[in-house]
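Enquirer: Please read through the structure below; I'll follow up with questions.
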2 protein chains.
Amino acid sequence: MSSLLVVGSIALDTVKMPSGKVYKDIPGGSCTYFIHSASFFNPVRVVGVVGKDFPEKYVNGFKKCKANLDGLQITDGQTFRWHGTYHKDMNNRDTDALHFGVLGTFDPILPQSYRDSEFIFLACSQPELQMKVLDQVKGKPLAVCDTIEIYIKESRPALDKLIRRCQGMIVNDAEARLISGEDNLVKAATAIHKKYRLQFLVLKKGEHGGMAVTKDGVVPFPAYPLEKIADPTGAGDCFAGGFMATLAKAKKADAKTLRAAVANATAVASCCCEGVGLAALAKADAAQIRARAKAFITMTNLG
Amino acid sequence: MSSLLVVGSIALDTVKMPSGKVYKDIPGGSCTYFIHSASFFNPVRVVGVVGKDFPEKYVNGFKKCKANLDGLQITDGQTFRWHGTYHKDMNNRDTDALHFGVLGTFDPILPQSYRDSEFIFLACSQPELQMKVLDQVKGKPLAVCDTIEIYIKESRPALDKLIRRCQGMIVNDAEARLISGEDNLVKAATAIHKKYRLQFLVLKKGEHGGMAVTKDGVVPFPAYPLEKIADPTGAGDCFAGGFMATLAKAKKADAKTLRAAVANATAVASCCCEGVGLAALAKADAAQIRARAKAFITMTNLG
């Protein structure tokens with residue numbers, strides 16, 4: 001085990017399912033999903049912000065994950081809220097509303113005790129804020145970032161600078177295409193890996209799995225086969241949580257560990273999809289997640 | 001090695017690429033791609049029909065693949081022709097014209113010497129014709145069929161009967177959804193496997209790989225990573241060719257052989273995509289295809 005830091009959003013999500021059922025103010029945000037998924041492998045140091053309206057039971061959920069909450073800011077104002085509606089096929093969703101609340105003025109300050117963090121995940125945020133995190137860290141951590149369309153389009157110089165300061169990046173297919181300008185996903189992934197001299201890039205394709213790119217080449221992987229997707233919200237952040245926590249636990253990011261990280265990330269992301277919000281993750285234990293990762297390795301082994 | 005029979009179309013394709021370049025009357029059709037891809041592993045017995053306009057050099061191409069052409073009918077009339085235009089992303093194409101010619105009255109008669117075939121691939125055709133092939137075979141071959149939308153929609157009773165007579169099926173995602181009525185692809189694949197009591201079902205997803213379903217569960221697999229797709233025409237039939245020829249060569253379809261078949265099928269299908277028409281396949285040799293299959297097994301091994 002080693003020190004794993006996550007900086008990102010903590011939200012209250014209101015999600016409308018294709019059935020019409022609405023889940024109101026359930027815990028959401030990249031940090032939240034990351035904390036829960038990483039906790040199966042390695043506990044997490046958290047930097048995030050919530051308002052005073054954030055229910056204590058959700059904070060207790062973080063504590064149950066053995067998360068270090070020294071960097072959790074609880075400030076006057078409303079917690080960040082996301083309202084979304086899923087389409088029938090669950091691969092598409094509409095964002096109905098975003099209320100930034102306290103996230104709008106979020107300043108990611110690392111407690112002194114976090115500044116030696118060895119593994120860092122910069123969940124999607126303004127690249128300037130993501131860099132501010134790195135500014136506060138001593139030593140040579142392994143830093144990995146995520147981003148979204150708006151920053152690729154509107155904060156490109158800062159984003160470029162950020163990616164160059166990171167050792168790894170985890171993005172989805174649409175983001176990889178936007179960053180690279182390449183339609184072909186293999187080209188997009190390898191181009192980003194090369195341009196920013198990353199140790200690794202992981203390109204996620206949702207239900208189609210994804211690929212990891214390292215200096216040794218491309219590792220394509222399918223998704224864990226699920227017959228039912230209850231709610232894909234947070235699956236990408238769970239993937240990142242399982243991935244980063246595997247590296248942190250192993251204290252390295254060599255080829256073998258990266259492959260194990262893909263398997264663990266896939267296992268925990270698929271578990272996430274089986275329940276609404278955190279429901280399935282909260283029910284699972286580390287042994288079950290490890291068993292799923294092992295099953296995934298076995299079922300995808302063609303040799 | 002054992003006897004492997006393919007019954008399907010032999011065509012002259014005219015393909016317009018996104019670049020605007022047009023390839024006129026190049027060899028096409030399911031049989032053609034199947035013959036070339038299977039030949040890396042196991043030679044093929046062919047039942048198909050061409051018109052007298054079919055260039056001898058293409059027949060010589062089949063001979064170079066050591067195909068048995070006793071069942072190739074060369075009749076008065078025009079060879080089946082397909083005209084298609086690829087969109088910019090190469091995952092979509094329009095069929096501009098279909099001229100059935102001699103294929104319109106094709107009667108798949110098996111020479112006596114073919115009637116002991118042990119492995120049979122029924123490429124896409126009217127289910128009645130596919131069944132007529134099975135009627136002529138003695139013994140208990142391992143028969144695998146493909147189909148397309150039109151027969152699922154308009155010949156469903158015959159198609160149902162056909163699938164029940166087959167041991168395996170290879171279809172794409174859209175077809176699996178149509179046959180099963182299930183949106184979720186894992187559900188679709190497992191439902192078809194169960195309903196028709198198949199030994200195996202392979203569901204192909206193009207650039208996203210696919211999954212095989214057997215009694216032991218689901219084997220999800222990604223595609224071989226390609227930075228450039230020159231022409232995806234025939235990739236599905238190449239997959240089938242590599243797959244079936246692996247079973248035929250091994251003379252079995254147990255779990256281990258099916259996984260090897262997925263790897264070989266993926267290797268040969270990806271090779272197909274690297275050239276226009278048969279160009280890349282014609283340049284490759286068995287050692288290269290085997291090396292690619294081995295590389296694919298290694299790159300997808302997460303354990």
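Just so we're on the same page: first chain in the structure tokens is A, next is B, and so on; residues restart at 1 for each chain, and ligands are numbered from 1 in the order they show up.
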For Pro111 in chain B, please output as a PDB file with N, CA and C atoms, in the first residue's frame all residues within 12 Å (counting only C-alpha atoms; exclusion window: fewer than 2 positions along the same chain).
Expert:
ATOM      1  N   LEU B   5     -16.394 -27.266 -45.262  1.00  0.00           N
ATOM      2  CA  LEU B   5     -17.184 -26.839 -46.412  1.00  0.00           C
ATOM      3  C   LEU B   5     -17.732 -25.426 -46.187  1.00  0.00           C
ATOM      4  N   ARG B  45     -13.591 -26.727 -48.929  1.00  0.00           N
ATOM      5  CA  ARG B  45     -14.436 -27.183 -50.038  1.00  0.00           C
ATOM      6  C   ARG B  45     -15.452 -26.086 -50.321  1.00  0.00           C
ATOM      7  N   VAL B  46     -15.627 -25.765 -51.571  1.00  0.00           N
ATOM      8  CA  VAL B  46     -16.445 -24.602 -51.921  1.00  0.00           C
ATOM      9  C   VAL B  46     -17.690 -24.993 -52.700  1.00  0.00           C
ATOM     10  N   VAL B  47     -18.836 -24.470 -52.255  1.00  0.00           N
ATOM     11  CA  VAL B  47     -20.037 -24.519 -53.085  1.00  0.00           C
ATOM     12  C   VAL B  47     -20.483 -23.082 -53.328  1.00  0.00           C
ATOM     13  N   GLY B  48     -20.482 -22.714 -54.591  1.00  0.00           N
ATOM     14  CA  GLY B  48     -20.874 -21.359 -54.951  1.00  0.00           C
ATOM     15  C   GLY B  48     -21.099 -21.285 -56.447  1.00  0.00           C
ATOM     16  N   ASN B  68     -10.829 -26.661 -52.673  1.00  0.00           N
ATOM     17  CA  ASN B  68     -11.426 -27.683 -53.527  1.00  0.00           C
ATOM     18  C   ASN B  68     -12.602 -27.020 -54.242  1.00  0.00           C
ATOM     19  N   LEU B  69     -12.514 -26.958 -55.578  1.00  0.00           N
ATOM     20  CA  LEU B  69     -13.518 -26.213 -56.342  1.00  0.00           C
ATOM     21  C   LEU B  69     -14.483 -27.132 -57.084  1.00  0.00           C
ATOM     22  N   ASP B  70     -14.551 -28.393 -56.659  1.00  0.00           N
ATOM     23  CA  ASP B  70     -15.472 -29.327 -57.319  1.00  0.00           C
ATOM     24  C   ASP B  70     -16.915 -28.832 -57.255  1.00  0.00           C
ATOM     25  N   GLY B  71     -17.230 -28.035 -56.236  1.00  0.00           N
ATOM     26  CA  GLY B  71     -18.605 -27.556 -56.073  1.00  0.00           C
ATOM     27  C   GLY B  71     -18.813 -26.149 -56.610  1.00  0.00           C
ATOM     28  N   LEU B  72     -17.828 -25.642 -57.331  1.00  0.00           N
ATOM     29  CA  LEU B  72     -17.982 -24.295 -57.910  1.00  0.00           C
ATOM     30  C   LEU B  72     -18.717 -24.401 -59.239  1.00  0.00           C
ATOM     31  N   GLN B  73     -19.860 -23.770 -59.310  1.00  0.00           N
ATOM     32  CA  GLN B  73     -20.650 -23.798 -60.541  1.00  0.00           C
ATOM     33  C   GLN B  73     -20.325 -22.566 -61.383  1.00  0.00           C
ATOM     34  N   PRO B 108     -27.591 -24.821 -54.325  1.00  0.00           N
ATOM     35  CA  PRO B 108     -26.342 -25.294 -53.717  1.00  0.00           C
ATOM     36  C   PRO B 108     -26.235 -26.815 -53.701  1.00  0.00           C
ATOM     37  N   ILE B 109     -25.803 -27.356 -54.808  1.00  0.00           N
ATOM     38  CA  ILE B 109     -25.663 -28.813 -54.932  1.00  0.00           C
ATOM     39  C   ILE B 109     -24.266 -29.233 -54.488  1.00  0.00           C
ATOM     40  N   SER B 113     -18.485 -36.007 -53.334  1.00  0.00           N
ATOM     41  CA  SER B 113     -17.252 -36.021 -52.532  1.00  0.00           C
ATOM     42  C   SER B 113     -17.295 -35.042 -51.348  1.00  0.00           C
ATOM     43  N   TYR B 114     -18.294 -34.152 -51.328  1.00  0.00           N
ATOM     44  CA  TYR B 114     -18.399 -33.169 -50.235  1.00  0.00           C
ATOM     45  C   TYR B 114     -19.333 -33.657 -49.119  1.00  0.00           C
ATOM     46  N   ARG B 115     -20.068 -34.750 -49.402  1.00  0.00           N
ATOM     47  CA  ARG B 115     -21.198 -35.057 -48.506  1.00  0.00           C
ATOM     48  C   ARG B 115     -20.786 -35.613 -47.143  1.00  0.00           C
ATOM     49  N   ASP B 116     -19.494 -35.855 -47.012  1.00  0.00           N
ATOM     50  CA  ASP B 116     -18.986 -36.305 -45.701  1.00  0.00           C
ATOM     51  C   ASP B 116     -18.339 -35.145 -44.924  1.00  0.00           C
ATOM     52  N   SER B 117     -18.598 -33.907 -45.345  1.00  0.00           N
ATOM     53  CA  SER B 117     -17.936 -32.755 -44.710  1.00  0.00           C
ATOM     54  C   SER B 117     -18.207 -32.731 -43.211  1.00  0.00           C
ATOM     55  N   VAL B 133     -28.433 -27.405 -47.964  1.00  0.00           N
ATOM     56  CA  VAL B 133     -27.055 -27.891 -47.842  1.00  0.00           C
ATOM     57  C   VAL B 133     -26.985 -28.989 -46.781  1.00  0.00           C
ATOM     58  N   GLN B 136     -28.135 -32.464 -47.626  1.00  0.00           N
ATOM     59  CA  GLN B 136     -27.296 -33.297 -48.504  1.00  0.00           C
ATOM     60  C   GLN B 136     -26.116 -33.939 -47.787  1.00  0.00           C
ATOM     61  N   VAL B 137     -25.915 -33.548 -46.531  1.00  0.00           N
ATOM     62  CA  VAL B 137     -24.728 -34.016 -45.831  1.00  0.00           C
ATOM     63  C   VAL B 137     -25.045 -35.258 -45.017  1.00  0.00           C
TER      64      VAL B 137
END
Enquirer: What residues in chain A have any atom no more than 7 Å from chain B when counting only C-alpha atoms, and can you write them as a ChimeraX atom specification?
Expert: /A:184,186-187,208,219-222,225-227,259-260,263,297,299-303
Enquirer: Can you list every residue in range 7-217 of chain A that DSSP puts in strand (DSSP E or B), as an MDAnalysis selection string?
Expert: chainID A and resid 7 11:16 22:28 45:51 68:75 80:86 93:99 119:122 142:145 168:172 200:204 210:214 217
Enquirer: Give me the residues near Asp146 in chain B as a PyMOL selection string, where near means some atom within 12 Å (using only C-alpha atoms) and where sequence neighbours in that chain fewer than 6 positions away do not count.
Expert: chain B and resi 6-8+30+120-127+130+152+159+162-163+166-172+175-176+179+201-204+236-237+239-241
Enquirer: CA of Phe80 in chain B and CA of Ile26 in chain B, how far apart in Å?
Expert: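 About the pair CA of Ile26 in chain B and CA of Phe80 in chain B: they are 11.7 Å apart.
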Enquirer: Smallest atom-to-atom distance to Leu12 in chain B: which of B:His36, B:Arg177, B:His83, B:Lys66, using only C-alpha atoms?
Expert: B:His83
Enquirer: Which residue gives the smallest distance to Thr75 in chain A among A:Gly51, A:Gly277, A:Gly61, A:Gly28, with only C-alpha atoms counted?
Expert: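 Once distances to Thr75 in chain A are computed over only C-alpha atoms, the minimum belongs to A:Gly51.
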